[in-house]
Structure formats: C-alpha cells, structure tokens
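The structure appears below as structure tokens.
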Amino acid sequence: MKLHLIEKENLLTRDDKATQNWKSGFWAISHEVADQLIGGDIFLHKTQNKPSFFGGKITGYSLQDEGQWKGRIIFEFTATKEHKNVKTSKSGWSMEKKIVK
C-alpha cells in the first residue's frame, strides 16, 4: 500500500542521526488502516499537485496519547531517495491524505 500525505507543518523527527529512521505525525487514520500500511510506502507532499519531497518504507506507528494531537497516528519509516520526487494523480485525495492499495 502507498500513503500520500500533505505535510505543511514539518512535523518530522529523526530517531537517530546515524540512521534514516524518521517519524511523521500527526494523522487522522484508523488503527486498522495503519496496521495495513506497515511495510508500505509513505510519501510526503507540500500540496496535492506537487511531487513528494520526502518519504520511505513504513516500519510501524504509534499513537499520540496526550496534548493537541491526542489520538492521532505517528508513522515510523526509513527514508529513501526513491520516495522523493514521486507524483501521484489528482484523483483519490481525501483532504490531506491518499491511500493507494
């Protein structure tokens, strides 16, 4: 599965400077869908019309348990060059996300 997200707020964090393991949050996605996305691809875009500026292979996720983003999903992924500059069609977007099965 492929997950395309609009990332306007730059809510990316790197787990460790020596690795390409990152986290991106905070997304309104169900646990069921998040489970299905593990092993899939994540592409981060500034707008629906622009190619991805970042992304990688989804390795897991966690749930934000407090504060402004309580209940939202945080995706964990390993960044790759192949996930940059990827375009997707205009169809299938739902607000800030698009899931391709």
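Going through the structure tokens in order, the chains are called A, B, and so on, while each chain numbers its residues from 1 and the ligands are numbered from 1 in the order shown.
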
Next item on the list: Please identify all polymer residues within 8 Å of Ile29 of chain A, counting only C-alpha atoms, omitting same-chain residues fewer than 3 positions from it, and present them as a PyMOL selection string.
Entry: chain A and resi 33-34+72-73

For the residues in the current selection, export C-alpha atoms as an mmCIF file, in the first residue's frame.
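As written to disk, again31.cif reads:
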```
data_model
loop_
_atom_site.group_PDB
_atom_site.id
_atom_site.type_symbol
_atom_site.label_atom_id
_atom_site.label_comp_id
_atom_site.auth_asym_id
_atom_site.auth_seq_id
_atom_site.Cartn_x
_atom_site.Cartn_y
_atom_site.Cartn_z
ATOM 1 C CA VAL A 33 -5.608 1.164 8.165
ATOM 2 C CA ALA A 34 -2.308 1.985 9.917
ATOM 3 C CA ARG A 72 -3.542 10.747 16.108
ATOM 4 C CA ILE A 73 -1.180 8.301 14.392
#
```

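Residues with any atom within 10 Å of Lys2 of chain A, counting only C-alpha atoms and excluding same-chain neighbours fewer than 2 positions away, are A:His4, A:Leu5, A:Leu37, A:Ile38, A:Gly39, A:Gly40, A:Asp41, A:Ile42, A:Phe43, A:Lys57, A:Ile58, A:Lys98, A:Ile99, A:Val100, A:Lys101.
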
Selected residues written out with C-alpha atoms, as a short mmCIF file (atom, residue, chain, number, x, y, z; two decimals), in the first residue's frame:
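Output file out.cif follows:
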```cif
data_model
loop_
_atom_site.label_atom_id
_atom_site.label_comp_id
_atom_site.auth_asym_id
_atom_site.auth_seq_id
_atom_site.Cartn_x
_atom_site.Cartn_y
_atom_site.Cartn_z
CA HIS A 4 0.47 10.06 0.30
CA LEU A 5 0.17 12.84 2.89
CA LEU A 37 0.23 0.31 5.85
CA ILE A 38 3.18 -1.28 7.72
CA GLY A 39 5.65 -2.40 5.07
CA GLY A 40 4.14 0.00 2.56
CA ASP A 41 5.34 3.35 1.29
CA ILE A 42 4.86 6.84 2.70
CA PHE A 43 5.20 9.93 0.51
CA LYS A 57 9.16 2.50 3.89
CA ILE A 58 6.72 2.39 6.80
CA LYS A 98 -4.46 9.50 -0.28
CA ILE A 99 -4.16 5.74 0.15
CA VAL A 100 -3.36 3.58 -2.87
CA LYS A 101 -3.86 -0.17 -2.43
#
```

Checklist line | Which of segment 1-59 of chain A DSSP labels alpha helix (DSSP H), written as a ChimeraX atom specification | finding: /A:31-37

Margin query: as a list in words, please: the residues near segment 13-24 of chain A (cut-off 10 Å, only C-alpha atoms, same-chain neighbours under 4 positions excluded).
Written below: Leu5, Glu7, Ile42, Leu44, Gly55, Gly56, Lys57, Ile58, Thr59, Gly60, Tyr61, Ser62, Ile73, Ile74, Phe75, Glu76, Phe77, Thr78, Ala79 and Thr80 of chain A

Please produce a file of the residues just selected, as an mmCIF file, in the first residue's frame, where the atoms kept are N, CA and C atoms.
```
data_model
loop_
_atom_site.group_PDB
_atom_site.id
_atom_site.type_symbol
_atom_site.label_atom_id
_atom_site.label_comp_id
_atom_site.auth_asym_id
_atom_site.auth_seq_id
_atom_site.Cartn_x
_atom_site.Cartn_y
_atom_site.Cartn_z
ATOM 1 N N LEU A 5 0.650 11.898 1.874
ATOM 2 C CA LEU A 5 0.170 12.845 2.889
ATOM 3 C C LEU A 5 0.629 14.261 2.560
ATOM 4 N N GLU A 7 2.070 17.368 4.080
ATOM 5 C CA GLU A 7 2.823 17.740 5.288
ATOM 6 C C GLU A 7 3.179 19.217 5.196
ATOM 7 N N ILE A 42 5.398 5.551 2.289
ATOM 8 C CA ILE A 42 4.864 6.844 2.703
ATOM 9 C C ILE A 42 5.546 7.924 1.861
ATOM 10 N N LEU A 44 5.519 12.156 1.401
ATOM 11 C CA LEU A 44 5.107 13.434 1.975
ATOM 12 C C LEU A 44 5.185 14.515 0.900
ATOM 13 N N GLY A 55 10.062 10.758 2.005
ATOM 14 C CA GLY A 55 9.269 9.557 2.224
ATOM 15 C C GLY A 55 10.152 8.357 2.476
ATOM 16 N N GLY A 56 9.499 7.194 2.561
ATOM 17 C CA GLY A 56 10.240 5.979 2.828
ATOM 18 C C GLY A 56 9.326 4.784 3.023
ATOM 19 N N LYS A 57 9.885 3.726 3.598
ATOM 20 C CA LYS A 57 9.158 2.497 3.893
ATOM 21 C C LYS A 57 8.632 2.564 5.323
ATOM 22 N N ILE A 58 7.350 2.330 5.482
ATOM 23 C CA ILE A 58 6.716 2.388 6.803
ATOM 24 C C ILE A 58 7.116 1.146 7.605
ATOM 25 N N THR A 59 7.682 1.395 8.789
ATOM 26 C CA THR A 59 8.138 0.296 9.646
ATOM 27 C C THR A 59 7.245 0.090 10.866
ATOM 28 N N GLY A 60 6.390 1.063 11.154
ATOM 29 C CA GLY A 60 5.499 0.958 12.301
ATOM 30 C C GLY A 60 4.779 2.260 12.535
ATOM 31 N N TYR A 61 4.082 2.323 13.652
ATOM 32 C CA TYR A 61 3.395 3.556 14.036
ATOM 33 C C TYR A 61 3.137 3.535 15.535
ATOM 34 N N SER A 62 2.831 4.705 16.043
ATOM 35 C CA SER A 62 2.433 4.823 17.446
ATOM 36 C C SER A 62 1.267 5.792 17.520
ATOM 37 N N ILE A 73 -2.218 9.274 14.737
ATOM 38 C CA ILE A 73 -1.180 8.301 14.392
ATOM 39 C C ILE A 73 0.131 9.012 14.038
ATOM 40 N N ILE A 74 1.234 8.461 14.517
ATOM 41 C CA ILE A 74 2.585 8.902 14.161
ATOM 42 C C ILE A 74 3.229 7.746 13.402
ATOM 43 N N PHE A 75 3.550 7.945 12.131
ATOM 44 C CA PHE A 75 4.174 6.892 11.337
ATOM 45 C C PHE A 75 5.680 6.880 11.515
ATOM 46 N N GLU A 76 6.237 5.683 11.632
ATOM 47 C CA GLU A 76 7.685 5.472 11.696
ATOM 48 C C GLU A 76 8.089 4.912 10.341
ATOM 49 N N PHE A 77 9.163 5.462 9.765
ATOM 50 C CA PHE A 77 9.576 4.990 8.452
ATOM 51 C C PHE A 77 11.077 5.170 8.244
ATOM 52 N N THR A 78 11.606 4.387 7.309
ATOM 53 C CA THR A 78 13.003 4.500 6.910
ATOM 54 C C THR A 78 13.041 5.246 5.587
ATOM 55 N N ALA A 79 13.658 6.416 5.596
ATOM 56 C CA ALA A 79 13.681 7.288 4.421
ATOM 57 C C ALA A 79 14.569 6.704 3.322
ATOM 58 N N THR A 80 14.126 6.905 2.066
ATOM 59 C CA THR A 80 14.922 6.507 0.911
ATOM 60 C C THR A 80 14.849 7.593 -0.157
#
```

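Closest approach to Ser94 of chain A from the set A:Ile6, A:Met1, A:Leu63, A:Leu11 is made by A:Ile6, with distances taken over only C-alpha atoms.
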
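Take atom CA of Gln36 of chain A and atom CA of Gly67 of chain A: the distance between them is 26.1 Å.
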
Next item on the list: Please provide as a PyMOL selection string all residues within 10 Å of Gln64 of chain A, with the sequence filter that same-chain residues fewer than 4 positions apart are discarded (counting only C-alpha atoms).
Entry: chain A and resi 25-27+68-74

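Note that the spacing between atom CA of Asn85 of chain A and atom CA of Asn49 of chain A amounts to 11.5 Å.
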
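Between atom CA of Lys46 of chain A and atom CA of His83 of chain A there is a distance of 14.0 Å.
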
Note to self: I'd like to know which residues of segment 65-94 of chain A are strand (DSSP E or B) (by DSSP, run on the backbone); could you write them as an MDAnalysis selection string?
What the structure shows: chainID A and resid 73:79 94
